[in-house]
Structures are given as structure tokens and as C-alpha cells.
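Report on the following structure.
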Amino acid sequence: MSSLCAQTLGHGVAFVSTPASVLLKRLAEAAKLASVTPAAQMAVRPVPEMVPSGIAELDTLTGGLPRGCLSEICGAASSGRTSVLLAALASATQRQEVCALVDTSDAFDPVSAAAAGVDFEKLLWVRCGAKANSPQRHSDTEKTKHHERKKEDPLAQALRVTDLLLQSGGFGMVAVDLGDVPLRAARRIPLTSWFRFQRAVENTPTVLLVVAESPFAPACAALLVKLQSGKQRSAFSSQLSATNKTLPAHALLFDGLHVEGEILRSRMERKPVRAATTRFATRAVG
Amino acid sequence: MTAFACIFVPDFPVEALLRSEPELRSQAVAVLEGKAPLQKVLAANEKARRAGIEPGMSRLQVEACTDLALRARSLLQEDAAHAALLDCAQSFSPRVEDAGCDTILLDLAGLEPLFGSLPRIAREIARRAWDLGLEANVAVAFNPDTAVLAARGFSGVTVIPSGREAEQLGSLPLPVLWAGSSMEAAGLLETFDRWGVRNLRALAALPEVALSERLGQEGVHLQQLARGATSRTLVPVEPPLGFEEAIELEYPLVLLEPLAFLLGRLLEQLCARLAARALATQELRLRLELENGYREELDTRAAEDERPNSRWFQRTLRLPVPLLDAKVFLKLLQLDLKAHPPGAPIVKIQLAAEPVRPRAAQSGLFLPPSPEPEKLELTLARIAGIVGEGKLGSLELLDTHRPEGFRMQHFAPDATHGLKPSLKNAFNAGLKPCATQKQSAVNPPGLKLHGLTSVGSNFRRLWSACPRSEDSLFLHGVMSEESREGD
């Protein structure tokens, strides 16, 4: 069997009658195509190692947080995203992994984190949007006056800091809190930044966790979970916190805040994502 | 029979300057001493001497010579070069005699099993001196004075076998008998010249009694030196562990980029000296002398550092773990100076390192990976440049009811944090020199550095304390690493 096929002859292309198998062999041997891997020979991307997120219900739903991938937790305010962030940080630091938190809006509450079980020895906290009257600033206000003049906006700072942390390597988890960033500003983050982060974290044991109000990098995220307040909400119920201490802590005084989580995207599953949800409750601190 | 090596740096003032300006090695260089306009040539390198430059010439005379680099004498750099020479000698033998600013003697007893034959030891000494930025003559002989004369007279590496001292030294000119030029030496040289004695062979052949009658005991001593027949014991010194390098600039520096270039050279020299002594550093102190004094409006920035007077700008870089990487140090200093600029032109740079034992702990077979300390420090410094100081680190909760009762600390994750208490205690007790805590290298307490016997005893103690389990396997891995380094 023969067919009319293209054959490379130096810089020109001539159409001659050549068997297809011979043509494929010649194409594979051509110098220009030497570095191209055929699709049939491409290695299948291995399934990433999953680590627990610190919330059993969420782990049941998602299988945990994937290492070497970007995971995104999105949800409106009071939807439980901070609880998930603190639980994930607590779980990672209790595994003796070094973690970093890029706090874009300086919204991190250390007391809540301590109550959630975060080991501060293992946590690097970067305060991108720290206000001038925060307690650390009193002593060295004069010293940092020089920096204040040339300070850039917190979101740009957060992106640069995340880039540096991922390039540094060695972190078990890098969490970026974009929860309080205005949607308008967050949507201006270029998609290339997320792709760069995803490439930087690939083939490393780092979990890149982004907490935001809405999904900003759905194309890059290996796991995208949407959180929302559950319908069975029983605020101010102190009994729940007294009886069930294993629930994730929350900074607010709402007790027994029911949270619903839904997988919007998961690359770990080959088949189309089904509508899978889970529910868990929070407890108040103090 | 004990052998001695002598390290001699010819044209020492020139060599001391060339350490910070190695690109001048291919040029004729002369060093001037004195106050303008009465400056005179103190020393000149070989190329300059071939061009007709001699010590004692005035500046006006030497300025007529083209392609000649003129530099002012720097006592600071000479001190640093002398310290580097001592470090070079101390890296081979603990018995070192400081025979002058440009001459060091060391006892080679017991070094042959470690370094090989005597010529090999001499070559290794010369190579290490070159690594420290000094082109030195190295001579090995079986008495110290012969080694000194050979190092002064022969360039490169010389080994004089036992019993052939007079024969080998015979061709040397008489001035090698004196370390420098003095009135007494000039008088004796004139006398010998009148007698027709111009080299050591002729001096050695003179009748001893007649020489004694004319020149006294000094003449006899000089003849003994020329014959290589003197014998004396070495006077060992124990120099303090000080690692400091300095550059005095001819023109004030204004920009940070050329400053970083010079800092890079100083750091490379410091790291080479620390590496020669198998040490690292955990604290770098940078002192910059400013031309116009420190500007008042910028004074508060360096308030945390000690400033003896307003002419000095000082920064101290403290590291959580001992490091020995000039590139990392340079980047950290660059970031620090970018955040805290000196505020006035710089005329003198001094850089000192606090020596500590190097970090030699294994990361841990059963510990999760953590950022490399060098990379982490650089990352933290870069992030501090973005978000500002005091806005990153690890948290410490305070015992207070205030709304924001916490304090930021420098982030330095402890590799042993979270281990079982028994294992952690054992780890800290047995491997303290390798742990991340700062320890002085001057008075090392406890475990001898890389001492196999000492490691063995600690190993036994730890092994008996821990049952055979995952933890003991971890300890076994750490101790094996120590033993390999000790070997």
C-alpha cells in the first residue's frame, strides 16, 4: 500500500509515493523532530501524593490536598474557608513540615491559629498588608520609614512573595490567603502568574493552597473546592463546642457553623467531576 | 629528624594589596609610603623592578614610568594578609612560628602520613597560600634558619635534603641573611663586598677564627647560617582566631554596585581563610568608614548597631546556622545595604566574620524536608525587601489580654523540633557541634570536632539509650555521617 506523502529533502518538501510506515520512521529520524516526543510515548502524569487537609469530611470528599499541585478553596465570607486554611496549616505543621502563609490582607488571627493547633515554630507568616499601627511597628517605625515610601500594593507583594517562596523550595505547604482581596483587584491577577506558580510547585512535595472568594485560577488548579454556609446553621450553640473539640476552630463567635464543600474541579479523577458535597461544622474559640 | 617549612611572601606590601586587586598581577605595581608630596617607593613587584623601579625612589621619579600602577601602603591590608598567612600555616600544623610579617615557619613533624612526601607538602602549602591570594615561596629544610634563607632566596618550592644545606645555599647572595635593610646590615655588606665575599658559599669558606677576630660573634653566626649549621628550637605562637579583611579606598565609593564588587572579594578571602581552618561563620560584621560622617536624618536606621562614632556605619548580619558561602553572604549584604544604605560616600571597608564550627548535621532520614538554610535566609531577606522588616517571621504568642498579643521572631525552623523527647535530647547531647546553635570555635566545649573516638563514645551512649527502632536507625545514619567526616 502506498500513498502520496510528504518527504523532507533538505529545506524543501517533495511529494512522493511512500508507504506510511516508512514515512513515519523517516519523520522520527529527522533532525528537526528529534526532540519531539510522540504522544504515544508521553509518560502519564503520576497521581500526586495526597496529604490530609485536617478536616476528615473534606478528606473523604477530595482525598486530601495534592502535593506538587495548586489547590484552591473558594467561598464567600463566613463560608468556612479560614477554618479550612487553619486546619490545613495545623495538619501540615503537626507533620513537622515547614509551612508559609502569605497573608495578603493581614487578616490572620494568631489566637485562632493556636487554638486550631498550628505550630508557630514551623510557620512563616508574611504580612503583606500590615497596617502602620500594628504592634510590631511601634519600635521600628523610623527604621521602616524608608520602606513605607516605596511600598507597593499588597496583592502585588503577595504574588512576588509567593513566587520567591515557591522558588526557594523545601516548604511542605505554601498558603496564599486572598480571601479579603477585592474581587475586582483579584481578577486582575494575570493567568500567567498562576501558571508560573503551578510550574514552580510541580514535581515538588509542596502543597500550594490558595484561599479566595471565587475561583481565580481554575485552569491551573488541580483541586478546586467551593465552600458555602450550610442550611442547618445553629449559631451561638455553645453545646457543640463543649462536646465536640475535634471540629476545626474558627475566629468568629459563631459556634457550630455548618459548612458545605463541593468539588468544582479535580484532576485526580479521570471521569467527569460529579456533584459531590460534604458537610462539617466549626467551633468557636475561647 | 624534624623538617621545617618556611612560607615567605616576597614584596609583601605589594602582595597584600594584590589580594584585593588580583587583576594587577600582570602589571608593574609599586607601593608608596609617606605623606604627599614626599612619598617614596616602599616595595615593587618583579615587573616593576625590571622596569627600573627601586625602593626608595620618589613619586616624581616613578611617575615617569608608564604602565606602572601606584598604590598607597595599607597597613590594614598587610595585617589581613599576615593573618591569612598564619591561617595557611595553621591549616597544616599547630606548631607555627611568626618569624615576621612576611615569613612564617612551621614544624612538619608528623605531616608526612597525612599529606605525603616533603615536596608534596611544600607544593600543597604553596597552593593553599595562592588560594588565599598570596604568591609565596615555600622552602623545606631540616633546620628553621636554612628554611628561611632558602625561602628568601629561591622562588617557588624548594626542598633541601639533610646534609646538603651549604651546597644548596651557596649560590644565594649575601642580602638574604637579613630580613630587611638596616644600617648594620648595610655596614656588614660593605665589609664583605670589600673582601670579595658576595655569596653564601664564599662566606661559608672563610676561616672561622679570623672571621671571629674581625666581625665578632655576629660574623660567626652569619657563617653558621651560610653553612646551614645552626640549630634552634621553634618558638610556636597561637594566634587568636580573628577573621577580618579590609580595603582602604583611594576614591570614595558612592554606589552600591561597586561596593558589592569589593565586598565580594573580601568575602571570598574570608571564606577561603575560614575554609582553611575548617570553620564557618554565623555572624558577619560590616564596618564602613564614611567620608563626610553619617547624615543625621539617617542616624536612627542603624540605631540597633553599635556605632563608635559618626564616621562609621556598621551593619551586623546574624545567621541562624553556620554558613560558608561567599555568594550567599554577598547577596544577604547587598539586600541589607539596599534596605539600609550608608548615606555617605565610603572610604574604607572592614568585614569581620565570627568563626564557628561548620554545620555538619544530616537532614534526617525520618524528618520531612525543610528549606535549605542558605536558600531560606536569602528568601527571607528578599521578602523583607518587598514587605518590609518586622513583617515576616514566626509568631510568638504573648501572655496578655491585648487584642494583638503576639510578637514576630526571625524564622528559623529547628530540624529536631517535634522529635520524641528522648531522641531530641540524645540528638542535642551527642551532636551538639553539628547542631544549629551557635558555638564558639575558640573554646570548643564537649565533643571534639570530628573526633572519631569522641563520636564513638557518644554513639555508644546514644545506642544504649535508644532501643533498636526507627529512631535508632535515624541516629545510626547521623552518626555514620559524622564518622565519615571524621575520617
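In the C-alpha cells, chains take letters A, B, ... by order of appearance, with residues numbered from 1 within each chain and ligands from 1 in the order shown.
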
Original post:
chain A residues within 7 Å of chain B, counting only C-alpha atoms: which ones, as a ChimeraX atom specification?
Top reply: /A:96-98,120-128,136,142-144,147,157,161,164-165,168-171

**OP:** Determine the nearest neighbour of Pro38 of chain A from the options A:Ala158, A:Ala90, A:Leu24, A:Ala113, counting only C-alpha atoms.
**Re:** A:Leu24

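Remark: for Val210 of chain A, the closest of the candidate residues A:Arg81, A:Arg279, A:His258, A:Arg267 is A:Arg81 (distances computed over only C-alpha atoms).
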
**OP:** Once DSSP has gone over the backbone, tell me which residues of segment 11-197 of chain A are in helix (DSSP H, G or I), as a PyMOL selection string.
**Re:** chain A and resi 20-29+31-33+39-41+56-62+81-94+110-116+120-122+135-137+145-149+154-168+183-186+191-197

**OP:** Please indicate the distance in Å from atom CA of Thr146 of chain B to atom CA of Arg25 of chain B, rounded to one decimal place.
**Re:** 29.1 Å

Subject >> Polymer residues at most 7 Å from segment 53-62 of chain B, only C-alpha atoms, same-chain spacing of 4 or more positions, as a list in words >> reply: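 Returned residues: Gln39, Lys40, Val41, Leu42, Ala43, Ala44, Ala48 and Arg49 of chain B.
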
Original post:
Between A:Ala88, A:Ala222, A:Ala116, A:Ala77, which has the minimum distance to Pro182 of chain A (counting only C-alpha atoms)?
Top reply: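 So, comparing all the options, the nearest one is A:Ala77.
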
Subject >> Atom-to-atom span, atom CA of Ala200 of chain A and atom CA of Val174 of chain A, Å >> reply: 11.8 Å
